[in-house]
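Engineer: Next comes target34.cif, mmCIF, C-alpha atoms:
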data_start
#
loop_
_atom_site.group_PDB
_atom_site.id
_atom_site.type_symbol
_atom_site.label_atom_id
_atom_site.label_comp_id
_atom_site.auth_asym_id
_atom_site.auth_seq_id
_atom_site.Cartn_x
_atom_site.Cartn_y
_atom_site.Cartn_z
ATOM 1 C CA MET A 1 22.718 12.311 -8.963
ATOM 2 C CA ILE A 2 24.319 10.674 -5.926
ATOM 3 C CA ARG A 3 20.940 9.371 -4.792
ATOM 4 C CA SER A 4 20.153 7.832 -8.191
ATOM 5 C CA GLN A 5 23.600 6.261 -8.371
ATOM 6 C CA ALA A 6 23.121 4.756 -4.923
ATOM 7 C CA ARG A 7 19.800 3.245 -5.996
ATOM 8 C CA ALA A 8 21.417 1.802 -9.120
ATOM 9 C CA LEU A 9 24.211 0.301 -7.018
ATOM 10 C CA ARG A 10 21.666 -1.344 -4.722
ATOM 11 C CA VAL A 11 19.953 -2.935 -7.715
ATOM 12 C CA VAL A 12 23.221 -4.375 -9.022
ATOM 13 C CA LEU A 13 24.258 -5.762 -5.652
ATOM 14 C CA VAL A 14 20.861 -7.345 -5.104
ATOM 15 C CA GLY A 15 21.050 -9.084 -8.460
ATOM 16 C CA VAL A 16 24.404 -10.581 -7.577
ATOM 17 C CA ALA A 17 23.198 -11.499 -4.106
ATOM 18 C CA VAL A 18 20.393 -13.777 -5.219
ATOM 19 C CA ALA A 19 22.800 -16.194 -6.841
ATOM 20 C CA ALA A 20 24.597 -16.643 -3.542
ATOM 21 C CA LEU A 21 21.484 -16.804 -1.419
ATOM 22 C CA VAL A 22 19.320 -19.310 -3.225
ATOM 23 C CA ALA A 23 22.266 -21.364 -4.518
ATOM 24 C CA CYS A 24 20.617 -22.094 -7.841
ATOM 25 C CA GLY A 25 22.574 -19.997 -10.279
ATOM 26 C CA ALA A 26 20.486 -16.857 -10.706
ATOM 27 C CA PRO A 27 22.564 -14.820 -13.157
ATOM 28 C CA ALA A 28 24.430 -11.674 -12.286
ATOM 29 C CA PRO A 29 22.978 -8.524 -13.889
ATOM 30 C CA GLY A 30 25.394 -8.469 -16.792
ATOM 31 C CA ALA A 31 24.227 -11.872 -17.963
ATOM 32 C CA ALA A 32 20.541 -11.086 -17.981
ATOM 33 C CA VAL A 33 18.301 -9.735 -20.727
ATOM 34 C CA PRO A 34 17.107 -6.261 -19.654
ATOM 35 C CA ALA A 35 13.367 -5.788 -19.433
ATOM 36 C CA ALA A 36 11.022 -3.287 -17.902
ATOM 37 C CA ALA A 37 9.775 -4.055 -14.421
ATOM 38 C CA PRO A 38 6.225 -5.429 -14.679
ATOM 39 C CA ALA A 39 3.493 -2.929 -14.015
ATOM 40 C CA ALA A 40 1.123 -3.685 -11.170
ATOM 41 C CA PRO A 41 -2.521 -3.962 -12.235
ATOM 42 C CA ALA A 42 -4.272 -0.630 -12.591
ATOM 43 C CA GLU A 43 -6.157 0.499 -9.497
ATOM 44 C CA SER A 44 -9.165 2.772 -9.280
ATOM 45 C CA VAL A 45 -7.593 4.617 -6.369
ATOM 46 C CA SER A 46 -4.179 6.112 -5.840
ATOM 47 C CA PRO A 47 -1.514 3.787 -4.405
ATOM 48 C CA PRO A 48 -1.030 4.047 -0.642
ATOM 49 C CA PRO A 49 1.751 6.302 0.564
ATOM 50 C CA ALA A 50 5.047 4.547 1.109
ATOM 51 C CA ALA A 51 6.292 4.201 4.661
ATOM 52 C CA SER A 52 9.541 5.430 6.142
ATOM 53 C CA PRO A 53 12.434 2.956 5.851
ATOM 54 C CA THR A 54 12.658 0.535 8.751
ATOM 55 C CA ALA A 55 14.005 -3.004 8.863
ATOM 56 C CA PRO A 56 11.633 -5.960 8.350
ATOM 57 C CA VAL A 57 11.479 -8.537 11.129
ATOM 58 C CA GLU A 58 8.862 -11.143 10.139
ATOM 59 C CA LEU A 59 7.223 -12.393 6.954
ATOM 60 C CA THR A 60 3.784 -14.010 6.767
ATOM 61 C CA VAL A 61 2.170 -15.533 3.662
ATOM 62 C CA PRO A 62 -0.989 -17.362 4.822
ATOM 63 C CA ALA A 63 -1.813 -18.904 1.421
ATOM 64 C CA ILE A 64 1.343 -21.048 1.518
ATOM 65 C CA ASP A 65 1.684 -21.396 5.301
ATOM 66 C CA VAL A 66 4.768 -19.210 5.601
ATOM 67 C CA HIS A 67 5.599 -17.499 8.864
ATOM 68 C CA ALA A 68 9.281 -16.637 8.949
ATOM 69 C CA GLY A 69 11.048 -14.593 11.541
ATOM 70 C CA PRO A 70 13.161 -13.065 12.595
ATOM 71 C CA LEU A 71 14.304 -12.175 9.087
ATOM 72 C CA LEU A 72 18.030 -12.243 8.586
ATOM 73 C CA ASP A 73 19.806 -9.086 7.418
ATOM 74 C CA LEU A 74 21.888 -10.155 4.437
ATOM 75 C CA GLY A 75 25.057 -8.274 3.549
ATOM 76 C CA ILE A 76 28.134 -8.839 1.438
ATOM 77 C CA ASP A 77 31.042 -10.725 2.984
ATOM 78 C CA ALA A 78 34.774 -10.023 2.604
ATOM 79 C CA ALA A 79 34.932 -12.206 -0.509
ATOM 80 C CA GLY A 80 32.176 -10.193 -2.184
ATOM 81 C CA ALA A 81 29.524 -12.893 -1.808
ATOM 82 C CA LEU A 82 26.210 -12.506 -0.062
ATOM 83 C CA GLU A 83 25.824 -13.965 3.416
ATOM 84 C CA VAL A 84 23.287 -16.791 3.235
ATOM 85 C CA PRO A 85 20.620 -18.048 5.663
ATOM 86 C CA PRO A 86 22.035 -20.852 7.815
ATOM 87 C CA ASP A 87 19.121 -23.249 7.396
ATOM 88 C CA ALA A 88 16.050 -24.148 5.364
ATOM 89 C CA GLY A 89 13.566 -22.286 7.543
ATOM 90 C CA THR A 90 15.233 -18.879 7.615
ATOM 91 C CA ALA A 91 14.416 -16.122 5.125
ATOM 92 C CA GLY A 92 16.490 -13.009 4.598
ATOM 93 C CA TRP A 93 16.010 -9.532 3.213
ATOM 94 C CA PHE A 94 18.582 -7.660 1.175
ATOM 95 C CA ALA A 95 19.768 -4.759 3.306
ATOM 96 C CA LEU A 96 21.197 -3.060 0.202
ATOM 97 C CA ALA A 97 17.716 -2.844 -1.334
ATOM 98 C CA PRO A 98 14.721 -0.757 -0.190
ATOM 99 C CA THR A 99 13.016 -1.895 3.007
ATOM 100 C CA PRO A 100 9.541 -3.444 2.617
ATOM 101 C CA GLY A 101 6.983 -0.638 2.559
ATOM 102 C CA SER A 102 9.391 2.077 1.419
ATOM 103 C CA PRO A 103 9.621 3.181 -2.250
ATOM 104 C CA GLY A 104 11.124 0.689 -4.666
ATOM 105 C CA PRO A 105 11.338 -3.108 -4.905
ATOM 106 C CA ALA A 106 12.152 -4.720 -1.561
ATOM 107 C CA VAL A 107 13.522 -8.255 -1.822
ATOM 108 C CA ILE A 108 13.051 -11.228 0.507
ATOM 109 C CA ALA A 109 14.550 -14.566 -0.464
ATOM 110 C CA GLY A 110 14.869 -18.034 0.977
ATOM 111 C CA HIS A 111 15.579 -21.638 0.131
ATOM 112 C CA VAL A 112 13.158 -23.947 -1.631
ATOM 113 C CA ASP A 113 15.026 -26.703 0.220
ATOM 114 C CA TYR A 114 18.351 -26.983 1.984
ATOM 115 C CA LYS A 115 20.336 -30.134 2.688
ATOM 116 C CA GLY A 116 17.254 -32.269 2.123
ATOM 117 C CA VAL A 117 15.007 -30.155 4.361
ATOM 118 C CA PRO A 118 11.984 -28.355 2.827
ATOM 119 C CA GLY A 119 12.664 -24.636 2.657
ATOM 120 C CA VAL A 120 10.666 -21.664 3.841
ATOM 121 C CA PHE A 121 9.717 -20.928 0.215
ATOM 122 C CA GLN A 122 9.048 -24.510 -0.829
ATOM 123 C CA ARG A 123 5.528 -23.556 -1.975
ATOM 124 C CA LEU A 124 6.254 -20.114 -3.394
ATOM 125 C CA GLY A 125 5.315 -21.252 -6.908
ATOM 126 C CA GLU A 126 1.783 -22.039 -5.664
ATOM 127 C CA LEU A 127 1.000 -18.403 -4.878
ATOM 128 C CA LYS A 128 -1.829 -16.859 -6.884
ATOM 129 C CA PRO A 129 -2.624 -13.218 -7.677
ATOM 130 C CA GLY A 130 -4.594 -11.705 -4.832
ATOM 131 C CA ALA A 131 -2.713 -13.531 -2.081
ATOM 132 C CA GLU A 132 -1.772 -11.375 0.908
ATOM 133 C CA VAL A 133 1.782 -10.974 2.147
ATOM 134 C CA SER A 134 2.538 -9.127 5.372
ATOM 135 C CA VAL A 135 5.879 -7.932 6.658
ATOM 136 C CA ALA A 136 6.194 -6.891 10.299
ATOM 137 C CA ARG A 137 8.645 -4.019 10.677
ATOM 138 C CA ALA A 138 11.027 -2.980 13.427
ATOM 139 C CA ASP A 139 9.081 0.209 14.201
ATOM 140 C CA GLY A 140 6.005 -1.833 15.173
ATOM 141 C CA SER A 141 4.136 -1.297 11.922
ATOM 142 C CA THR A 142 3.161 -3.977 9.393
ATOM 143 C CA ALA A 143 3.325 -3.564 5.618
ATOM 144 C CA PHE A 144 0.618 -5.479 3.727
ATOM 145 C CA PHE A 145 1.177 -6.440 0.108
ATOM 146 C CA ASP A 146 -1.026 -7.926 -2.614
ATOM 147 C CA VAL A 147 0.530 -10.483 -4.972
ATOM 148 C CA TYR A 148 -0.151 -9.600 -8.604
ATOM 149 C CA LEU A 149 2.196 -11.892 -10.532
ATOM 150 C CA VAL A 150 4.170 -15.116 -9.995
ATOM 151 C CA GLU A 151 6.639 -16.229 -12.653
ATOM 152 C CA ARG A 152 9.349 -18.830 -13.128
ATOM 153 C CA TYR A 153 12.481 -18.029 -15.116
ATOM 154 C CA ALA A 154 15.241 -20.217 -16.496
ATOM 155 C CA LYS A 155 18.478 -19.037 -14.916
ATOM 156 C CA ALA A 156 20.013 -18.491 -18.371
ATOM 157 C CA ARG A 157 17.245 -15.979 -19.160
ATOM 158 C CA PHE A 158 16.753 -14.391 -15.735
ATOM 159 C CA PRO A 159 15.299 -10.893 -16.381
ATOM 160 C CA THR A 160 17.295 -8.857 -13.890
ATOM 161 C CA GLU A 161 15.768 -5.487 -14.691
ATOM 162 C CA ARG A 162 12.240 -6.914 -14.635
ATOM 163 C CA VAL A 163 12.789 -8.350 -11.168
ATOM 164 C CA TYR A 164 15.039 -5.728 -9.555
ATOM 165 C CA GLY A 165 14.322 -2.628 -11.628
ATOM 166 C CA ASN A 166 13.165 0.512 -9.824
ATOM 167 C CA THR A 167 9.435 0.960 -9.246
ATOM 168 C CA ALA A 168 7.526 4.180 -8.698
ATOM 169 C CA ASP A 169 5.731 2.800 -5.650
ATOM 170 C CA ALA A 170 6.538 0.401 -2.816
ATOM 171 C CA GLU A 171 6.687 -3.200 -4.019
ATOM 172 C CA LEU A 172 8.001 -6.558 -2.826
ATOM 173 C CA ARG A 173 9.737 -9.474 -4.513
ATOM 174 C CA LEU A 174 9.804 -12.960 -2.981
ATOM 175 C CA ILE A 175 12.444 -15.159 -4.615
ATOM 176 C CA THR A 176 13.500 -18.801 -4.453
ATOM 177 C CA CYS A 177 14.684 -21.655 -6.671
ATOM 178 C CA GLY A 178 12.448 -23.725 -8.906
ATOM 179 C CA GLY A 179 12.235 -26.168 -11.749
ATOM 180 C CA VAL A 180 14.468 -29.203 -12.113
ATOM 181 C CA PHE A 181 17.389 -29.807 -9.777
ATOM 182 C CA ASP A 182 20.620 -30.440 -11.677
ATOM 183 C CA ALA A 183 22.605 -32.907 -9.581
ATOM 184 C CA GLY A 184 25.705 -32.284 -11.666
ATOM 185 C CA SER A 185 25.897 -28.560 -10.895
ATOM 186 C CA GLY A 186 24.178 -28.750 -7.519
ATOM 187 C CA HIS A 187 21.731 -26.024 -8.586
ATOM 188 C CA TYR A 188 18.107 -25.736 -9.615
ATOM 189 C CA GLN A 189 17.603 -24.691 -13.210
ATOM 190 C CA ASP A 190 15.061 -21.941 -12.547
ATOM 191 C CA ASN A 191 14.070 -19.166 -10.170
ATOM 192 C CA VAL A 192 10.539 -18.452 -8.927
ATOM 193 C CA VAL A 193 9.632 -14.815 -8.317
ATOM 194 C CA ALA A 194 6.443 -13.466 -6.731
ATOM 195 C CA TYR A 195 5.684 -9.779 -7.329
ATOM 196 C CA ALA A 196 3.512 -7.838 -4.887
ATOM 197 C CA ARG A 197 2.435 -4.217 -4.428
ATOM 198 C CA LEU A 198 1.923 -2.340 -1.166
ATOM 199 C CA VAL A 199 -1.699 -2.133 -0.040
ATOM 200 C CA ARG A 200 -1.319 -0.438 3.321
ATOM 201 C CA VAL A 201 0.929 0.047 6.323
ATOM 202 C CA ALA A 202 -0.780 -0.314 9.684
#
Could you spell out this file's structure in structure tokens?
Structural biologist:
Amino acid sequence: MIRSQARALRVVLVGVAVAALVACGAPAPGAAVPAAAPAAPAESVSPPPAASPTAPVELTVPAIDVHAGPLLDLGIDAAGALEVPPDAGTAGWFALAPTPGSPGPAVIAGHVDYKGVPGVFQRLGELKPGAEVSVARADGSTAFFDVYLVERYAKARFPTERVYGNTADAELRLITCGGVFDAGSGHYQDNVVAYARLVRVA
């Protein structure tokens, strides 16, 4: 019971954290429409075993020329808001969520742009199913993921459970802003989310 409650708490905190990180108004969990997490495409073989938890240090997405590292550990500050990356080129992982390669949906997020500078995830919406994502880990291993879905959501209809809901196997979510920038609010109107499943840890 304690373990399941801890997992649920991580999911809630991660949902709140994205709004602070990407600065584009991703809704808190209570404002979202619940939905089941998307199922990864069926495979003819069993999914690879999940790896032991260890912090991620670098992210590479060759299809969109992303190589980000070191990844910033993102926590919650004294005011209850998520600490944010200090610049456009830095990506961060949610330390309250599973680590990439361990069971559940790990989350890495970054800016689409920041103070007029193109962000590390500027091209996230261009990702296609089949693209490879690799995450170097602090224990010297690398977790390799396969993108199976990329979607854009209006912030008013952000599907929190679909994005952050528990998964049976190790998965990864890459998240940034998208859509039209609203100069009045200072936020983008949408979020872009790439979903990926673990292929192997080497």
Engineer: At most 12 Å from (8.0, 0.4, -1.3), file frame, all atoms listed in the file: which residues, as a compact mmCIF listing (two decimals) with C-alpha atoms, keeping the file's coordinate frame?
Structural biologist:
# COMPACT_ATOMS: atom_id res chain seq x y z
CA PRO A 47 -1.51 3.79 -4.40
CA PRO A 48 -1.03 4.05 -0.64
CA PRO A 49 1.75 6.30 0.56
CA ALA A 50 5.05 4.55 1.11
CA ALA A 51 6.29 4.20 4.66
CA SER A 52 9.54 5.43 6.14
CA PRO A 53 12.43 2.96 5.85
CA THR A 54 12.66 0.54 8.75
CA ALA A 97 17.72 -2.84 -1.33
CA PRO A 98 14.72 -0.76 -0.19
CA THR A 99 13.02 -1.90 3.01
CA PRO A 100 9.54 -3.44 2.62
CA GLY A 101 6.98 -0.64 2.56
CA SER A 102 9.39 2.08 1.42
CA PRO A 103 9.62 3.18 -2.25
CA GLY A 104 11.12 0.69 -4.67
CA PRO A 105 11.34 -3.11 -4.90
CA ALA A 106 12.15 -4.72 -1.56
CA VAL A 107 13.52 -8.26 -1.82
CA VAL A 135 5.88 -7.93 6.66
CA ALA A 143 3.32 -3.56 5.62
CA PHE A 144 0.62 -5.48 3.73
CA PHE A 145 1.18 -6.44 0.11
CA ASN A 166 13.16 0.51 -9.82
CA THR A 167 9.44 0.96 -9.25
CA ALA A 168 7.53 4.18 -8.70
CA ASP A 169 5.73 2.80 -5.65
CA ALA A 170 6.54 0.40 -2.82
CA GLU A 171 6.69 -3.20 -4.02
CA LEU A 172 8.00 -6.56 -2.83
CA ARG A 173 9.74 -9.47 -4.51
CA ALA A 196 3.51 -7.84 -4.89
CA ARG A 197 2.44 -4.22 -4.43
CA LEU A 198 1.92 -2.34 -1.17
CA VAL A 199 -1.70 -2.13 -0.04
CA ARG A 200 -1.32 -0.44 3.32
CA VAL A 201 0.93 0.05 6.32
Engineer: So the first atom is atom CA of A:Ala194 and the second is atom CA of A:Tyr148; what is the distance between them in Å, to one decimal place?
Structural biologist: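 Those two atoms sit 7.9 Å apart.
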Engineer: So, counting all atoms listed in the file, which residue among A:Tyr164, A:Lys155, A:Ala136, A:Pro118 is closest to A:Leu96?
Structural biologist: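 Comparing A:Tyr164, A:Lys155, A:Ala136, A:Pro118 against A:Leu96, the winner is A:Tyr164.
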Engineer: Mind pulling up the distance from atom CA of A:Cys177 to atom CA of A:Ala109?
Structural biologist: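 So the answer is 9.4 Å.
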Engineer: Quick one: residues within 8 Å of A:Ile64, all atoms listed in the file counted, chain neighbours fewer than 5 positions away excluded, as an MDAnalysis selection string?
Structural biologist: chainID A and resid 123:124 126:127
Engineer: May I have the selected residues written with C-alpha atoms, as a compact mmCIF listing (two decimals), in the frame of the given file?
Structural biologist:
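Writing done, so here's selection.txt:
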# COMPACT_ATOMS: atom_id res chain seq x y z
CA ARG A 123 5.53 -23.56 -1.98
CA LEU A 124 6.25 -20.11 -3.39
CA GLU A 126 1.78 -22.04 -5.66
CA LEU A 127 1.00 -18.40 -4.88
Engineer: Applied to the shown file, which residues does the PyMOL selection byres ((chain A and resi 114) around 10) return, written as number ranges by chain?
Structural biologist: A: 22-23, 85-89, 110-113, 115-120
Engineer: Name every residue that the PyMOL selection byres ((chain A and resi 68) around 6) selects in this structure, writing the answer as a list of chain:residue names with chains first and numbers rising.
Structural biologist: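 This file, filtered by the PyMOL selection byres ((chain A and resi 68) around 6), leaves A:Glu58, A:Leu59, A:His67, A:Gly69.
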Engineer: Taking the point (16.7, -19.1, -12.1) as given in the file, collect each protein or nucleic acid residue that comes within 6 Å of it, counting all atoms listed in the file, and present the set as a ChimeraX atom specification.
Structural biologist: /A:26,153-155,158,189-191
Engineer: Rounded to one decimal, what separation in Å do you get between atom CA of A:Tyr188 and atom CA of A:Pro159?
Structural biologist: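 Result for atom CA of A:Tyr188 versus atom CA of A:Pro159: 16.6 Å, one decimal.
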Engineer: Name the residues that the PyMOL selection byres ((chain A and resi 139) around 9) pulls out of this structure, and write them as a tab-separated table (two decimals) with C-alpha atoms, in the coordinates of the input.
Structural biologist:
chain	number	residue	atom	x	y	z
A	54	THR	CA	12.66	0.54	8.75
A	55	ALA	CA	14.00	-3.00	8.86
A	56	PRO	CA	11.63	-5.96	8.35
A	136	ALA	CA	6.19	-6.89	10.30
A	137	ARG	CA	8.64	-4.02	10.68
A	138	ALA	CA	11.03	-2.98	13.43
A	140	GLY	CA	6.00	-1.83	15.17
A	141	SER	CA	4.14	-1.30	11.92
A	142	THR	CA	3.16	-3.98	9.39
Engineer: Which residue is closest to A:Gly130? Choose from A:Val61, A:Ala156, A:Ala202, A:Ala95 and count only C-alpha atoms.
Structural biologist: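 Of A:Val61, A:Ala156, A:Ala202, A:Ala95, the one nearest A:Gly130 is A:Val61, counting only C-alpha atoms.
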